[in-house]
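With mmCIF, C-alpha atoms and all ligand atoms inside, this is structure_37.cif:
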```
data_entry
loop_
_atom_site.label_atom_id
_atom_site.label_comp_id
_atom_site.auth_asym_id
_atom_site.auth_seq_id
_atom_site.Cartn_x
_atom_site.Cartn_y
_atom_site.Cartn_z
CA MET A 1 10.05 20.35 -18.85
CA LYS A 2 6.28 19.91 -18.98
CA PHE A 3 4.16 20.07 -15.83
CA PHE A 4 1.20 17.74 -15.43
CA VAL A 5 -0.95 17.84 -12.29
CA ASP A 6 -1.41 14.44 -10.65
CA THR A 7 -5.00 14.62 -9.43
CA ALA A 8 -8.61 13.81 -10.31
CA ASP A 9 -9.89 16.73 -8.22
CA VAL A 10 -11.51 19.11 -10.69
CA ALA A 11 -11.22 22.14 -8.38
CA GLU A 12 -7.44 21.59 -8.12
CA ILE A 13 -7.15 21.21 -11.89
CA ARG A 14 -9.15 24.41 -12.42
CA ARG A 15 -6.77 26.35 -10.14
CA ALA A 16 -3.67 24.94 -11.85
CA VAL A 17 -5.10 25.76 -15.31
CA ALA A 18 -5.65 29.36 -14.16
CA TRP A 19 -1.91 29.72 -13.41
CA GLY A 20 -1.20 29.23 -17.11
CA ILE A 21 1.68 26.80 -16.58
CA LEU A 22 -0.16 23.48 -16.79
CA ASP A 23 0.56 21.15 -19.71
CA GLY A 24 -1.63 18.16 -18.78
CA VAL A 25 -3.20 15.91 -16.15
CA THR A 26 -2.60 12.39 -14.87
CA THR A 27 -5.15 10.38 -12.92
CA ASN A 28 -5.18 6.88 -11.47
CA PRO A 29 -7.87 4.72 -9.81
CA THR A 30 -6.79 5.83 -6.30
CA LEU A 31 -7.01 9.53 -7.21
CA VAL A 32 -10.46 9.01 -8.76
CA ALA A 33 -11.65 7.09 -5.64
CA LYS A 34 -10.45 10.00 -3.44
CA THR A 35 -12.92 12.35 -5.17
CA GLY A 36 -15.89 10.15 -4.14
CA ARG A 37 -17.38 10.84 -7.58
CA ARG A 38 -18.26 8.71 -10.62
CA PHE A 39 -15.34 8.25 -13.05
CA GLU A 40 -17.61 9.15 -15.98
CA ASP A 41 -18.40 12.56 -14.41
CA VAL A 42 -14.85 13.33 -13.28
CA ARG A 43 -13.21 12.50 -16.60
CA SER A 44 -15.73 14.44 -18.67
CA GLU A 45 -15.19 17.58 -16.53
CA ILE A 46 -11.41 17.21 -16.76
CA LEU A 47 -11.60 16.83 -20.54
CA GLN A 48 -13.61 20.04 -20.77
CA LEU A 49 -11.06 21.95 -18.68
CA VAL A 50 -7.78 20.72 -20.16
CA GLN A 51 -6.52 20.96 -23.73
CA GLY A 52 -3.26 19.05 -23.09
CA PRO A 53 -2.75 15.31 -22.51
CA VAL A 54 -5.04 13.69 -19.88
CA SER A 55 -4.04 10.20 -18.70
CA LEU A 56 -6.99 7.92 -17.88
CA GLU A 57 -6.15 4.46 -16.55
CA VAL A 58 -7.55 1.06 -17.56
CA THR A 59 -8.76 -1.25 -14.76
CA ASP A 60 -9.26 -4.52 -16.63
CA MET A 61 -6.06 -6.56 -16.35
CA THR A 62 -6.65 -8.84 -19.38
CA LEU A 63 -5.18 -7.90 -22.77
CA GLU A 64 -8.59 -7.91 -24.45
CA GLY A 65 -10.09 -5.89 -21.59
CA MET A 66 -7.30 -3.30 -21.76
CA LEU A 67 -7.75 -2.95 -25.52
CA THR A 68 -11.51 -2.50 -25.16
CA GLN A 69 -11.22 0.00 -22.30
CA GLY A 70 -8.30 1.77 -23.99
CA ARG A 71 -10.26 2.28 -27.23
CA GLN A 72 -13.32 3.50 -25.28
CA LEU A 73 -11.23 5.97 -23.28
CA ALA A 74 -9.40 7.22 -26.38
CA ALA A 75 -12.75 7.88 -28.08
CA LEU A 76 -13.66 10.37 -25.32
CA GLY A 77 -11.36 13.09 -26.64
CA LYS A 78 -8.20 13.85 -28.55
CA GLN A 79 -6.45 14.73 -25.26
CA VAL A 80 -6.85 11.22 -23.82
CA VAL A 81 -3.73 9.20 -23.12
CA VAL A 82 -4.48 5.59 -22.13
CA LYS A 83 -2.68 4.62 -18.93
CA LEU A 84 -1.62 0.98 -18.81
CA PRO A 85 0.15 -1.01 -16.07
CA LEU A 86 3.64 -2.36 -16.66
CA THR A 87 2.55 -5.99 -16.94
CA ARG A 88 2.94 -8.43 -19.83
CA GLU A 89 -0.63 -7.67 -20.90
CA GLY A 90 -0.10 -3.92 -20.42
CA ILE A 91 2.97 -3.92 -22.67
CA ALA A 92 1.16 -5.97 -25.35
CA ALA A 93 -1.79 -3.55 -25.14
CA CYS A 94 0.63 -0.63 -25.43
CA LYS A 95 2.07 -2.02 -28.67
CA GLN A 96 -1.39 -2.67 -30.14
CA LEU A 97 -2.91 0.69 -29.13
CA THR A 98 0.21 2.54 -30.36
CA ASP A 99 -0.16 0.78 -33.73
CA GLU A 100 -3.77 2.08 -33.80
CA GLY A 101 -2.55 5.66 -33.24
CA ILE A 102 -3.66 5.86 -29.58
CA ARG A 103 -1.30 7.57 -27.10
CA THR A 104 -0.26 5.56 -24.05
CA ASN A 105 1.28 6.11 -20.61
CA VAL A 106 2.84 2.99 -19.12
CA THR A 107 2.59 3.27 -15.35
CA LEU A 108 3.96 1.53 -12.24
CA CYS A 109 7.52 1.48 -13.60
CA PHE A 110 10.18 0.73 -10.98
CA SER A 111 13.19 -0.37 -13.07
CA ALA A 112 15.12 0.77 -16.14
CA ASN A 113 14.55 -2.60 -17.82
CA GLN A 114 10.79 -2.11 -17.44
CA ALA A 115 11.20 1.33 -19.04
CA LEU A 116 13.07 -0.31 -21.94
CA LEU A 117 10.11 -2.67 -22.50
CA ALA A 118 7.67 0.28 -22.59
CA ALA A 119 9.84 2.18 -25.09
CA LYS A 120 10.12 -0.87 -27.35
CA ALA A 121 6.31 -1.18 -27.27
CA GLY A 122 6.08 2.44 -28.48
CA ALA A 123 4.72 4.04 -25.29
CA THR A 124 4.17 7.79 -25.54
CA TYR A 125 5.13 8.16 -21.85
CA ILE A 126 6.80 5.99 -19.23
CA SER A 127 5.89 6.73 -15.60
CA PRO A 128 8.65 5.78 -13.13
CA PHE A 129 7.45 6.22 -9.51
CA VAL A 130 10.25 8.05 -7.69
CA GLY A 131 8.54 8.61 -4.32
CA ARG A 132 7.55 4.99 -3.85
CA LEU A 133 11.16 3.91 -4.55
CA ASP A 134 12.47 6.47 -2.05
CA ASP A 135 9.92 5.09 0.44
CA ILE A 136 11.67 1.69 0.35
CA SER A 137 15.16 3.26 0.56
CA GLN A 138 15.89 2.93 -3.15
CA ASP A 139 17.08 5.79 -5.36
CA GLY A 140 14.05 7.14 -7.24
CA MET A 141 15.92 9.89 -9.07
CA GLY A 142 18.75 7.45 -9.90
CA LEU A 143 16.15 5.50 -11.88
CA ILE A 144 15.21 8.66 -13.80
CA ALA A 145 18.89 9.28 -14.66
CA ASP A 146 19.22 5.69 -15.95
CA ILE A 147 16.08 5.87 -18.10
CA VAL A 148 16.94 9.28 -19.58
CA GLN A 149 20.40 7.97 -20.53
CA ILE A 150 19.11 4.69 -21.98
CA TYR A 151 16.43 6.42 -24.07
CA LYS A 152 19.06 8.87 -25.37
CA ASN A 153 21.44 6.01 -26.22
CA TYR A 154 18.90 4.47 -28.56
CA GLY A 155 16.90 7.51 -29.68
CA PHE A 156 13.61 6.28 -28.22
CA ALA A 157 10.74 8.77 -28.63
CA THR A 158 9.07 7.70 -25.36
CA GLN A 159 8.91 10.62 -22.92
CA VAL A 160 10.05 10.19 -19.32
CA LEU A 161 7.17 11.26 -17.07
CA VAL A 162 8.40 11.49 -13.48
CA ALA A 163 5.58 10.27 -11.20
CA SER A 164 5.02 9.75 -7.48
CA VAL A 165 6.55 13.19 -6.88
CA ARG A 166 6.54 14.13 -3.19
CA HIS A 167 8.37 17.47 -2.91
CA PRO A 168 9.86 20.36 -4.94
CA THR A 169 13.36 18.84 -4.86
CA HIS A 170 12.11 15.92 -6.95
CA ILE A 171 11.06 18.45 -9.60
CA LEU A 172 14.40 20.28 -9.52
CA GLN A 173 16.28 17.00 -9.87
CA ALA A 174 14.01 15.83 -12.71
CA ALA A 175 14.61 19.09 -14.61
CA LYS A 176 18.40 18.83 -14.14
CA LEU A 177 18.31 15.29 -15.50
CA GLY A 178 16.35 16.38 -18.58
CA ALA A 179 13.16 14.40 -17.87
CA HIS A 180 10.43 15.42 -20.31
CA VAL A 181 7.54 15.71 -17.84
CA CYS A 182 6.87 15.82 -14.10
CA THR A 183 3.41 14.94 -12.85
CA VAL A 184 2.98 16.75 -9.58
CA PRO A 185 0.34 16.72 -6.80
CA TYR A 186 -1.45 20.09 -6.62
CA LYS A 187 0.02 20.84 -3.18
CA VAL A 188 3.59 20.42 -4.46
CA LEU A 189 2.90 22.48 -7.60
CA ASP A 190 1.64 25.26 -5.32
CA GLN A 191 4.83 25.04 -3.21
CA LEU A 192 6.96 25.87 -6.28
CA PHE A 193 5.87 29.50 -6.10
CA ASN A 194 7.09 30.05 -2.56
CA HIS A 195 10.25 31.85 -1.49
CA PRO A 196 10.50 33.98 1.68
CA LEU A 197 12.64 36.58 -0.12
CA THR A 198 9.92 37.03 -2.75
CA ASP A 199 7.39 37.79 0.01
CA LEU A 200 9.76 40.12 1.91
CA GLY A 201 10.85 41.91 -1.25
CA ASN A 202 7.30 42.45 -2.42
CA GLU A 203 6.25 43.75 1.00
CA GLN A 204 9.10 46.27 0.93
CA PHE A 205 8.32 47.41 -2.64
CA LEU A 206 4.70 48.09 -1.67
CA LYS A 207 5.76 49.98 1.50
CA ASP A 208 8.17 52.12 -0.53
CA TRP A 209 5.63 52.72 -3.29
CA ALA A 210 3.25 54.19 -0.72
CA LYS A 211 5.96 56.85 -0.01
CA VAL A 212 6.04 58.00 -3.63
CA PRO A 213 4.29 61.37 -3.88
CA GLY A 214 0.86 61.04 -5.46
CA GLN A 215 0.52 57.33 -4.62
CA ALA A 216 -2.04 56.05 -2.10
O1 LIG B 301 -0.17 8.80 -10.63
C1 LIG B 301 0.84 7.92 -10.27
C2 LIG B 301 1.72 8.41 -9.13
O2 LIG B 301 2.06 9.74 -9.34
C3 LIG B 301 1.21 8.09 -7.75
O3 LIG B 301 1.97 8.70 -6.75
O4 LIG B 301 2.11 9.43 -4.39
O5 LIG B 301 0.60 7.50 -4.99
O6 LIG B 301 3.09 7.25 -5.03
P1 LIG B 301 1.95 8.19 -5.20
#
```
Can I see the file as structure tokens?
Amino acid sequence: MKFFVDTADVAEIRRAVAWGILDGVTTNPTLVAKTGRRFEDVRSEILQLVQGPVSLEVTDMTLEGMLTQGRQLAALGKQVVVKLPLTREGIAACKQLTDEGIRTNVTLCFSANQALLAAKAGATYISPFVGRLDDISQDGMGLIADIVQIYKNYGFATQVLVASVRHPTHILQAAKLGAHVCTVPYKVLDQLFNHPLTDLGNEQFLKDWAKVPGQA
């Protein structure tokens, strides 16, 4: 399973890149707003830092506007994936941009039927939001299971990109279900390293090593 980091914070992306396990980045208008910086500056720094796919989202909700913004974003670098909302216009833009050879990530997916529409339009990625479904007492990971099964049934090439991840258990469940990608907030990615027995074991190894003759 690929790991993307779900942030527009360049410092966080830099730290995740340094770990050597990062496959890509997803951003959205909210994450960009949180940085307090201009989108033009943020995206150009991210594109310099990351070789893998970087999702940049359109903000014009008309079909023509999405196509114009999508083409402009795609021209910024070969890593760019154009993020489009799961609306009628977004799906039409997905089909058109896909036909032009531009990679797409269809976002704000909350049902398996929506995911079917994105796959039929040739989306590179579909982004179902598991955390926001859990927030309203629906089964976020159940949606991932449905989409993975439906895409397998028909051999769709669209990759399931689990989004709105809130905790490490979401990642474990996504991996067990065979989702292609998880996009993860930096804080949750960092949590994946932690286990108390790793810390205790390491502490003991270092204590014992100090007892070995000739070692400081
Ligand atoms: O990037 C889309 C998604 O991951 C947003 O997550 O936490 O705002 O529901 P969240």
Please provide as a compact mmCIF listing (two decimals) with C-alpha atoms, in the frame of the given file all residues within 7 Å of A:Val5, with the sequence filter that same-chain residues fewer than 3 positions apart are discarded (counting only C-alpha atoms).
```txt
# COMPACT_ATOMS: atom_id res chain seq x y z
CA GLY A 24 -1.63 18.16 -18.78
CA VAL A 25 -3.20 15.91 -16.15
CA THR A 26 -2.60 12.39 -14.87
CA THR A 183 3.41 14.94 -12.85
CA VAL A 184 2.98 16.75 -9.58
CA PRO A 185 0.34 16.72 -6.80
CA TYR A 186 -1.45 20.09 -6.62
```
Requested in this report: Around ligand LIG 301 (chain B), at most 8 Å away and counting all atoms listed in the file, which residues are there? Put them as a PyMOL selection string, please.
Outcome: chain A and resi 6-7+26-28+30-31+107-108+127+129-132+162-166+183-185
Write out, as a compact mmCIF listing (two decimals), keeping the file's coordinate frame, the residues just selected, with C-alpha atoms.
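That gives us part30.txt:
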```txt
# COMPACT_ATOMS: atom_id res chain seq x y z
CA ASP A 6 -1.41 14.44 -10.65
CA THR A 7 -5.00 14.62 -9.43
CA THR A 26 -2.60 12.39 -14.87
CA THR A 27 -5.15 10.38 -12.92
CA ASN A 28 -5.18 6.88 -11.47
CA THR A 30 -6.79 5.83 -6.30
CA LEU A 31 -7.01 9.53 -7.21
CA THR A 107 2.59 3.27 -15.35
CA LEU A 108 3.96 1.53 -12.24
CA SER A 127 5.89 6.73 -15.60
CA PHE A 129 7.45 6.22 -9.51
CA VAL A 130 10.25 8.05 -7.69
CA GLY A 131 8.54 8.61 -4.32
CA ARG A 132 7.55 4.99 -3.85
CA VAL A 162 8.40 11.49 -13.48
CA ALA A 163 5.58 10.27 -11.20
CA SER A 164 5.02 9.75 -7.48
CA VAL A 165 6.55 13.19 -6.88
CA ARG A 166 6.54 14.13 -3.19
CA THR A 183 3.41 14.94 -12.85
CA VAL A 184 2.98 16.75 -9.58
CA PRO A 185 0.34 16.72 -6.80
```
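Across A:Cys182, A:Ala16, A:Leu22, A:Ala119, the tightest approach to A:Ala92 is made by A:Ala119 when counting only C-alpha atoms.
Atom CA of A:Leu86 sits 21.3 Å away from atom CA of A:Ala8.
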Report task. Considering all atoms listed in the file, state which residue in the set A:Lys83, A:Arg14, A:His195, A:Lys34 is at the smallest distance from A:Ala118. Result -> A:Lys83
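Among the candidate residues A:Ile150, A:Ile136, A:Met66, A:Val58, the one lying nearest to A:Leu117 is A:Ile150, with distances computed using all atoms listed in the file.
For the choices A:Gly140, A:Pro196, A:Gly155, A:Pro128, the atom-to-atom distance to A:His170 is smallest for A:Gly140 when using all atoms listed in the file.
Residues surrounding stretch 73-78 of chain A within 10 Å are Arg43, Ser44, Leu47, Gln48, Gln51, Gly52, Pro53, Val54, Ser55, Leu56, Glu57, Val58, Leu67, Leu97, Gly101, Ile102, Arg103 and Thr104 of chain A [all atoms listed in the file; sequence separation below 6 positions excluded].
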**Report entry** Exercise: residues within 7 Å of coordinate (5.8, 17.9, -18.1), counting all atoms listed in the file, as number ranges by chain
**Finding:** A: 1-4, 23, 161, 180-183
Those residues you just picked out, can you put them in a file as a PDB file, keeping the file's coordinate frame with C-alpha atoms?
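So the final result, stored in again13.pdb, reads:
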```pdb
ATOM      1  CA  MET A   1      10.050  20.350 -18.850  1.00  0.00           C
ATOM      2  CA  LYS A   2       6.280  19.910 -18.980  1.00  0.00           C
ATOM      3  CA  PHE A   3       4.160  20.070 -15.830  1.00  0.00           C
ATOM      4  CA  PHE A   4       1.200  17.740 -15.430  1.00  0.00           C
ATOM      5  CA  ASP A  23       0.560  21.150 -19.710  1.00  0.00           C
ATOM      6  CA  LEU A 161       7.170  11.260 -17.070  1.00  0.00           C
ATOM      7  CA  HIS A 180      10.430  15.420 -20.310  1.00  0.00           C
ATOM      8  CA  VAL A 181       7.540  15.710 -17.840  1.00  0.00           C
ATOM      9  CA  CYS A 182       6.870  15.820 -14.100  1.00  0.00           C
ATOM     10  CA  THR A 183       3.410  14.940 -12.850  1.00  0.00           C
TER      11      THR A 183
END
```
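Ranking A:His167, A:Arg88, A:Ala112, A:Ala157 by their shortest atom-to-atom distance to A:Asp134, with all atoms listed in the file included, puts A:His167 first.
Distances here use only C-alpha atoms; by that measure, the residue among A:Leu133, A:Val188, A:Ala123, A:Leu177 closest to A:Gln159 is A:Ala123.
If you look at atom CA of A:Gly20 and atom CA of A:Leu189, they are 12.4 Å away from each other.
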As JSON: centre and edge lengths in Å, one decimal, of the axis-aligned box holding stretch 19-26 of chain A with 6 Å per side:
```
{"center_x": -0.8, "center_y": 21.1, "center_z": -16.6, "size_x": 16.9, "size_y": 29.3, "size_z": 18.3}
```
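When atom CA of A:Asp208 is paired with atom CA of A:Asn194, their separation reads 22.2 Å.
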In the coordinates of the file, take the point (16.5, -0.4, -24.3) and a cut-off of 12 Å; then, counting all atoms listed in the file, name each qualifying protein, DNA or RNA residue as a PDB file with C-alpha atoms, in the frame of the given file.
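Final output, selection-v3.pdb:
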```
ATOM      1  CA  SER A 111      13.190  -0.370 -13.070  1.00  0.00           C
ATOM      2  CA  ALA A 112      15.120   0.770 -16.140  1.00  0.00           C
ATOM      3  CA  ASN A 113      14.550  -2.600 -17.820  1.00  0.00           C
ATOM      4  CA  GLN A 114      10.790  -2.110 -17.440  1.00  0.00           C
ATOM      5  CA  ALA A 115      11.200   1.330 -19.040  1.00  0.00           C
ATOM      6  CA  LEU A 116      13.070  -0.310 -21.940  1.00  0.00           C
ATOM      7  CA  LEU A 117      10.110  -2.670 -22.500  1.00  0.00           C
ATOM      8  CA  ALA A 118       7.670   0.280 -22.590  1.00  0.00           C
ATOM      9  CA  ALA A 119       9.840   2.180 -25.090  1.00  0.00           C
ATOM     10  CA  LYS A 120      10.120  -0.870 -27.350  1.00  0.00           C
ATOM     11  CA  ALA A 121       6.310  -1.180 -27.270  1.00  0.00           C
ATOM     12  CA  GLY A 122       6.080   2.440 -28.480  1.00  0.00           C
ATOM     13  CA  ASP A 146      19.220   5.690 -15.950  1.00  0.00           C
ATOM     14  CA  ILE A 147      16.080   5.870 -18.100  1.00  0.00           C
ATOM     15  CA  VAL A 148      16.940   9.280 -19.580  1.00  0.00           C
ATOM     16  CA  GLN A 149      20.400   7.970 -20.530  1.00  0.00           C
ATOM     17  CA  ILE A 150      19.110   4.690 -21.980  1.00  0.00           C
ATOM     18  CA  TYR A 151      16.430   6.420 -24.070  1.00  0.00           C
ATOM     19  CA  LYS A 152      19.060   8.870 -25.370  1.00  0.00           C
ATOM     20  CA  ASN A 153      21.440   6.010 -26.220  1.00  0.00           C
ATOM     21  CA  TYR A 154      18.900   4.470 -28.560  1.00  0.00           C
ATOM     22  CA  GLY A 155      16.900   7.510 -29.680  1.00  0.00           C
ATOM     23  CA  PHE A 156      13.610   6.280 -28.220  1.00  0.00           C
ATOM     24  CA  ALA A 157      10.740   8.770 -28.630  1.00  0.00           C
ATOM     25  CA  THR A 158       9.070   7.700 -25.360  1.00  0.00           C
TER      26      THR A 158
END
```
Got a sec: who's within 12 Å of A:Asp60, counting all atoms listed in the file, leaving out chain neighbours fewer than 3 positions off, as an mmCIF file with C-alpha atoms, in the coordinates of the input?
```cif
data_model
loop_
_atom_site.group_PDB
_atom_site.id
_atom_site.type_symbol
_atom_site.label_atom_id
_atom_site.label_comp_id
_atom_site.auth_asym_id
_atom_site.auth_seq_id
_atom_site.Cartn_x
_atom_site.Cartn_y
_atom_site.Cartn_z
ATOM 1 C CA PRO A 29 -7.870 4.720 -9.810
ATOM 2 C CA GLU A 57 -6.150 4.460 -16.550
ATOM 3 C CA LEU A 63 -5.180 -7.900 -22.770
ATOM 4 C CA GLU A 64 -8.590 -7.910 -24.450
ATOM 5 C CA GLY A 65 -10.090 -5.890 -21.590
ATOM 6 C CA MET A 66 -7.300 -3.300 -21.760
ATOM 7 C CA LEU A 67 -7.750 -2.950 -25.520
ATOM 8 C CA THR A 68 -11.510 -2.500 -25.160
ATOM 9 C CA GLN A 69 -11.220 0.000 -22.300
ATOM 10 C CA GLY A 70 -8.300 1.770 -23.990
ATOM 11 C CA LYS A 83 -2.680 4.620 -18.930
ATOM 12 C CA LEU A 84 -1.620 0.980 -18.810
ATOM 13 C CA PRO A 85 0.150 -1.010 -16.070
ATOM 14 C CA THR A 87 2.550 -5.990 -16.940
ATOM 15 C CA GLU A 89 -0.630 -7.670 -20.900
ATOM 16 C CA GLY A 90 -0.100 -3.920 -20.420
ATOM 17 C CA ALA A 93 -1.790 -3.550 -25.140
#
```
